[in-house]
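Novice: My structure file work-v6.txt, compact mmCIF, N, CA and C atoms, is below:
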# COMPACT_ATOMS: atom_id res chain seq x y z
N LEU A 1 -64.35 -85.97 68.49
CA LEU A 1 -64.56 -87.10 69.39
C LEU A 1 -66.03 -87.10 69.79
N MET A 2 -66.64 -88.26 69.72
CA MET A 2 -68.04 -88.38 70.08
C MET A 2 -68.20 -89.57 71.02
N ILE A 3 -68.99 -89.40 72.02
CA ILE A 3 -69.33 -90.51 72.92
C ILE A 3 -70.84 -90.65 72.87
N ARG A 4 -71.30 -91.84 72.54
CA ARG A 4 -72.74 -92.08 72.43
C ARG A 4 -73.10 -93.30 73.25
N ARG A 5 -74.23 -93.23 73.92
CA ARG A 5 -74.75 -94.37 74.67
C ARG A 5 -75.92 -94.96 73.90
N PRO A 6 -76.22 -96.22 74.11
CA PRO A 6 -77.39 -96.80 73.45
C PRO A 6 -78.67 -96.15 73.96
N PRO A 7 -79.76 -96.21 73.18
CA PRO A 7 -81.04 -95.64 73.62
C PRO A 7 -81.51 -96.26 74.92
N ARG A 8 -82.26 -95.50 75.69
CA ARG A 8 -82.79 -95.98 76.97
C ARG A 8 -83.86 -97.03 76.74
N SER A 9 -83.95 -97.95 77.68
CA SER A 9 -84.99 -98.96 77.61
C SER A 9 -86.22 -98.46 78.36
N THR A 10 -87.29 -99.22 78.29
CA THR A 10 -88.50 -98.85 79.02
C THR A 10 -88.32 -99.02 80.53
N LEU A 11 -87.27 -99.69 80.94
CA LEU A 11 -86.99 -99.83 82.36
C LEU A 11 -86.42 -98.54 82.94
N PHE A 12 -85.93 -97.66 82.08
CA PHE A 12 -85.31 -96.42 82.52
C PHE A 12 -85.87 -95.29 81.67
N PRO A 13 -87.17 -95.02 81.77
CA PRO A 13 -87.83 -94.10 80.84
C PRO A 13 -87.63 -92.62 81.18
N TYR A 14 -86.74 -91.97 80.48
CA TYR A 14 -86.57 -90.53 80.66
C TYR A 14 -87.52 -89.79 79.74
N THR A 15 -87.94 -88.63 80.16
CA THR A 15 -88.95 -87.93 79.38
C THR A 15 -88.54 -86.53 78.94
N THR A 16 -87.53 -85.92 79.52
CA THR A 16 -87.18 -84.55 79.20
C THR A 16 -85.76 -84.50 78.66
N LEU A 17 -85.59 -83.85 77.52
CA LEU A 17 -84.32 -83.81 76.81
C LEU A 17 -83.76 -82.40 76.81
N PHE A 18 -82.46 -82.29 77.11
CA PHE A 18 -81.76 -81.02 77.15
C PHE A 18 -80.44 -81.14 76.41
N ARG A 19 -79.91 -80.01 75.99
CA ARG A 19 -78.55 -79.91 75.49
C ARG A 19 -77.82 -78.93 76.39
N SER A 20 -76.62 -79.27 76.78
CA SER A 20 -75.77 -78.36 77.53
C SER A 20 -74.54 -78.07 76.69
N LEU A 21 -74.22 -76.79 76.58
CA LEU A 21 -73.04 -76.34 75.86
C LEU A 21 -72.04 -75.87 76.91
N LEU A 22 -70.82 -76.35 76.80
CA LEU A 22 -69.84 -76.10 77.86
C LEU A 22 -68.56 -75.48 77.29
N ASN A 23 -68.01 -74.54 78.04
CA ASN A 23 -66.66 -74.05 77.81
C ASN A 23 -65.77 -74.70 78.85
N CYS A 24 -64.60 -75.14 78.43
CA CYS A 24 -63.72 -75.79 79.38
C CYS A 24 -62.30 -75.24 79.25
N VAL A 25 -61.47 -75.63 80.20
CA VAL A 25 -60.07 -75.23 80.20
C VAL A 25 -59.40 -75.79 78.95
N LEU A 26 -58.59 -74.98 78.30
CA LEU A 26 -57.92 -75.36 77.08
C LEU A 26 -57.15 -76.68 77.24
N GLY A 27 -57.40 -77.61 76.33
CA GLY A 27 -56.71 -78.90 76.34
C GLY A 27 -57.37 -79.97 77.19
N LYS A 28 -58.44 -79.64 77.87
CA LYS A 28 -59.12 -80.60 78.77
C LYS A 28 -60.40 -81.17 78.16
N GLU A 29 -60.67 -80.90 76.90
CA GLU A 29 -61.94 -81.29 76.28
C GLU A 29 -62.18 -82.80 76.36
N SER A 30 -61.21 -83.59 75.93
CA SER A 30 -61.39 -85.06 75.91
C SER A 30 -61.56 -85.62 77.31
N GLU A 31 -60.74 -85.15 78.23
CA GLU A 31 -60.82 -85.62 79.62
C GLU A 31 -62.17 -85.27 80.23
N LEU A 32 -62.63 -84.06 79.98
CA LEU A 32 -63.91 -83.63 80.53
C LEU A 32 -65.07 -84.41 79.92
N LEU A 33 -65.00 -84.68 78.64
CA LEU A 33 -66.06 -85.45 77.99
C LEU A 33 -66.15 -86.86 78.57
N LYS A 34 -65.02 -87.46 78.87
CA LYS A 34 -65.03 -88.79 79.50
C LYS A 34 -65.66 -88.75 80.89
N LYS A 35 -65.36 -87.69 81.65
CA LYS A 35 -65.97 -87.55 82.98
C LYS A 35 -67.48 -87.36 82.88
N LEU A 36 -67.90 -86.57 81.90
CA LEU A 36 -69.33 -86.35 81.71
C LEU A 36 -70.04 -87.64 81.36
N LYS A 37 -69.39 -88.50 80.61
CA LYS A 37 -69.97 -89.78 80.22
C LYS A 37 -70.29 -90.66 81.43
N SER A 38 -69.60 -90.44 82.53
CA SER A 38 -69.84 -91.26 83.72
C SER A 38 -71.20 -90.98 84.37
N HIS A 39 -71.85 -89.90 84.00
CA HIS A 39 -73.18 -89.59 84.51
C HIS A 39 -74.21 -90.26 83.61
N GLU A 40 -75.08 -91.06 84.19
CA GLU A 40 -76.04 -91.82 83.39
C GLU A 40 -77.00 -90.92 82.61
N GLU A 41 -77.18 -89.70 83.06
CA GLU A 41 -78.09 -88.78 82.37
C GLU A 41 -77.50 -88.24 81.06
N VAL A 42 -76.19 -88.29 80.93
CA VAL A 42 -75.53 -87.81 79.71
C VAL A 42 -75.54 -88.95 78.70
N ILE A 43 -76.29 -88.78 77.60
CA ILE A 43 -76.45 -89.88 76.66
C ILE A 43 -75.55 -89.75 75.43
N GLU A 44 -75.05 -88.55 75.13
CA GLU A 44 -74.04 -88.41 74.09
C GLU A 44 -73.37 -87.06 74.24
N GLY A 45 -72.18 -86.95 73.66
CA GLY A 45 -71.45 -85.70 73.75
C GLY A 45 -70.48 -85.54 72.59
N PHE A 46 -70.16 -84.29 72.28
CA PHE A 46 -69.30 -83.97 71.16
C PHE A 46 -68.33 -82.86 71.53
N ILE A 47 -67.12 -82.95 71.03
CA ILE A 47 -66.18 -81.84 71.09
C ILE A 47 -66.45 -81.02 69.84
N VAL A 48 -66.64 -79.70 70.01
CA VAL A 48 -66.98 -78.82 68.90
C VAL A 48 -66.05 -77.61 68.90
N MET A 49 -66.06 -76.89 67.80
CA MET A 49 -65.30 -75.65 67.71
C MET A 49 -66.27 -74.50 67.58
N GLY A 50 -65.90 -73.36 68.10
CA GLY A 50 -66.76 -72.18 68.06
C GLY A 50 -66.84 -71.56 69.43
N SER A 51 -68.00 -71.04 69.76
CA SER A 51 -68.19 -70.36 71.05
C SER A 51 -68.11 -71.31 72.23
N PHE A 52 -68.40 -72.59 72.00
CA PHE A 52 -68.35 -73.59 73.07
C PHE A 52 -67.40 -74.71 72.67
N ASP A 53 -66.94 -75.48 73.67
CA ASP A 53 -66.00 -76.58 73.45
C ASP A 53 -66.67 -77.94 73.39
N LEU A 54 -67.75 -78.10 74.15
CA LEU A 54 -68.46 -79.38 74.23
C LEU A 54 -69.95 -79.16 74.13
N ILE A 55 -70.65 -80.10 73.52
CA ILE A 55 -72.11 -80.14 73.55
C ILE A 55 -72.48 -81.53 74.05
N ILE A 56 -73.33 -81.58 75.07
CA ILE A 56 -73.79 -82.86 75.58
C ILE A 56 -75.31 -82.94 75.51
N LYS A 57 -75.80 -84.13 75.31
CA LYS A 57 -77.23 -84.41 75.30
C LYS A 57 -77.56 -85.06 76.63
N VAL A 58 -78.54 -84.50 77.32
CA VAL A 58 -78.90 -84.93 78.67
C VAL A 58 -80.37 -85.30 78.71
N GLU A 59 -80.69 -86.42 79.35
CA GLU A 59 -82.07 -86.83 79.58
C GLU A 59 -82.31 -86.95 81.07
N VAL A 60 -83.41 -86.37 81.53
CA VAL A 60 -83.79 -86.47 82.94
C VAL A 60 -85.28 -86.80 83.02
N PRO A 61 -85.73 -87.41 84.12
CA PRO A 61 -87.13 -87.79 84.25
C PRO A 61 -88.08 -86.60 84.16
N ASP A 62 -87.68 -85.46 84.68
CA ASP A 62 -88.55 -84.30 84.72
C ASP A 62 -87.66 -83.05 84.67
N ALA A 63 -88.19 -81.95 84.18
CA ALA A 63 -87.41 -80.72 84.07
C ALA A 63 -86.85 -80.26 85.42
N LYS A 64 -87.56 -80.54 86.50
CA LYS A 64 -87.08 -80.14 87.83
C LYS A 64 -85.80 -80.88 88.22
N ASP A 65 -85.50 -81.99 87.57
CA ASP A 65 -84.30 -82.76 87.88
C ASP A 65 -83.05 -82.21 87.18
N LEU A 66 -83.24 -81.28 86.27
CA LEU A 66 -82.10 -80.76 85.52
C LEU A 66 -81.20 -79.87 86.36
N ARG A 67 -81.80 -78.96 87.12
CA ARG A 67 -80.99 -78.01 87.89
C ARG A 67 -80.00 -78.68 88.83
N PRO A 68 -80.39 -79.66 89.64
CA PRO A 68 -79.40 -80.32 90.50
C PRO A 68 -78.30 -81.01 89.69
N LEU A 69 -78.66 -81.58 88.56
CA LEU A 69 -77.66 -82.24 87.72
C LEU A 69 -76.62 -81.24 87.22
N VAL A 70 -77.09 -80.15 86.63
CA VAL A 70 -76.17 -79.16 86.08
C VAL A 70 -75.38 -78.46 87.18
N THR A 71 -76.08 -78.04 88.24
CA THR A 71 -75.44 -77.29 89.31
C THR A 71 -74.47 -78.13 90.14
N ASN A 72 -74.86 -79.35 90.48
CA ASN A 72 -74.06 -80.15 91.41
C ASN A 72 -73.12 -81.16 90.75
N LYS A 73 -73.42 -81.59 89.54
CA LYS A 73 -72.62 -82.65 88.92
C LYS A 73 -71.82 -82.17 87.72
N ILE A 74 -72.37 -81.28 86.92
CA ILE A 74 -71.68 -80.87 85.70
C ILE A 74 -70.81 -79.65 85.93
N ARG A 75 -71.37 -78.58 86.48
CA ARG A 75 -70.60 -77.35 86.68
C ARG A 75 -69.47 -77.50 87.69
N THR A 76 -69.57 -78.49 88.56
CA THR A 76 -68.53 -78.67 89.58
C THR A 76 -67.35 -79.51 89.08
N LEU A 77 -67.44 -80.08 87.88
CA LEU A 77 -66.32 -80.86 87.36
C LEU A 77 -65.12 -79.97 87.11
N PRO A 78 -63.92 -80.41 87.50
CA PRO A 78 -62.73 -79.61 87.22
C PRO A 78 -62.57 -79.40 85.71
N GLY A 79 -62.35 -78.18 85.32
CA GLY A 79 -62.16 -77.87 83.91
C GLY A 79 -63.34 -77.19 83.26
N VAL A 80 -64.53 -77.24 83.89
CA VAL A 80 -65.70 -76.55 83.33
C VAL A 80 -65.59 -75.08 83.70
N ARG A 81 -65.59 -74.22 82.67
CA ARG A 81 -65.52 -72.78 82.90
C ARG A 81 -66.88 -72.11 82.82
N GLN A 82 -67.74 -72.58 81.92
CA GLN A 82 -69.04 -71.95 81.71
C GLN A 82 -69.97 -72.98 81.08
N SER A 83 -71.27 -72.83 81.33
CA SER A 83 -72.23 -73.71 80.69
C SER A 83 -73.49 -72.94 80.30
N MET A 84 -74.17 -73.46 79.29
CA MET A 84 -75.46 -72.94 78.88
C MET A 84 -76.32 -74.16 78.56
N THR A 85 -77.49 -74.24 79.15
CA THR A 85 -78.36 -75.39 78.95
C THR A 85 -79.66 -74.95 78.31
N VAL A 86 -80.10 -75.71 77.31
CA VAL A 86 -81.34 -75.40 76.60
C VAL A 86 -82.21 -76.65 76.53
N ILE A 87 -83.52 -76.45 76.56
CA ILE A 87 -84.46 -77.57 76.44
C ILE A 87 -84.69 -77.86 74.97
N VAL A 88 -84.80 -79.14 74.64
CA VAL A 88 -85.12 -79.57 73.29
C VAL A 88 -86.62 -79.78 73.20
N VAL A 89 -87.27 -79.13 72.25
CA VAL A 89 -88.72 -79.27 72.11
C VAL A 89 -89.07 -79.99 70.83
Represent the structure from my file as structure tokens, please.
Specialist:
Amino acid sequence: LMIRRPPRSTLFPYTTLFRSLLNCVLGKESELLKKLKSHEEVIEGFIVMGSFDLIIKVEVPDAKDLRPLVTNKIRTLPGVRQSMTVIVV
């Protein structure tokens, strides 16, 4: 399952790109991916197999904006067990 948003316009110019890898409660992958899609910073996401259950692509205006997003909006979603976030260079 993949959820993709259209590219950002110049009216909403994000500059910093991250990937977050998430482990979630068994059987909640699709539900959690839909909830993640509700955050405008999440521009696409995939259900994957392996060490993690979901991979999401996140854009924020500045790297300092990532921590509040991950800490307050993503990790607090019901069903998220663990996350790892990496910057895309």
Novice: List the neighbours of Glu59 in chain A out to 8 Å using all atoms listed in the file; skip same-chain residues closer than 3 positions along the sequence, and give me the result as a PyMOL selection string.
Specialist: chain A and resi 13-19+40-44+56+62+65-66
Novice: What's the separation between CA of Ser30 in chain A and atom N of Met84 in chain A, in Å to one decimal place?
Specialist: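 It comes out at 17.6 Å.
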Novice: List every residue of chain A that DSSP, applied to the backbone of this structure, assigns to alpha helix (DSSP H), and report them as a ChimeraX atom specification.
Specialist: /A:29-37,66-68
Novice: Which value, in Å to one decimal, gives the distance between CA of Ser51 in chain A and CA of Ala63 in chain A?
Specialist: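 So the two atoms, CA of Ser51 in chain A and CA of Ala63 in chain A, lie 25.4 Å apart.
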Novice: Could you check the closest approach to Leu21 in chain A for each of A:Val60, A:Leu69, A:Leu36, A:Phe52 and tell me which residue wins, using only N, CA and C atoms?
Specialist: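 Among the listed residues, A:Phe52 lies closest to Leu21 in chain A.
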Novice: Taking (-70.5, -85.5, 78.1) in the file's coordinates as the center, which residues reach within 8 Å of it, counting all atoms listed in the file, put as a list of chain:residue names?
Specialist: A:Ile3, A:Leu32, A:Leu33, A:Lys34, A:Lys35, A:Leu36, A:Lys37, A:Ser38, A:His39, A:Val42, A:Ile43, A:Glu44, A:Gly45, A:Phe46, A:Leu54, A:Ile55, A:Ile56, A:Lys57
Novice: Which parts of chain A does DSSP call strand (DSSP E) when run on the backbone here, written out as an MDAnalysis selection string?
Specialist: chainID A and resid 2:4 16:24 42:47 54:60 80:87
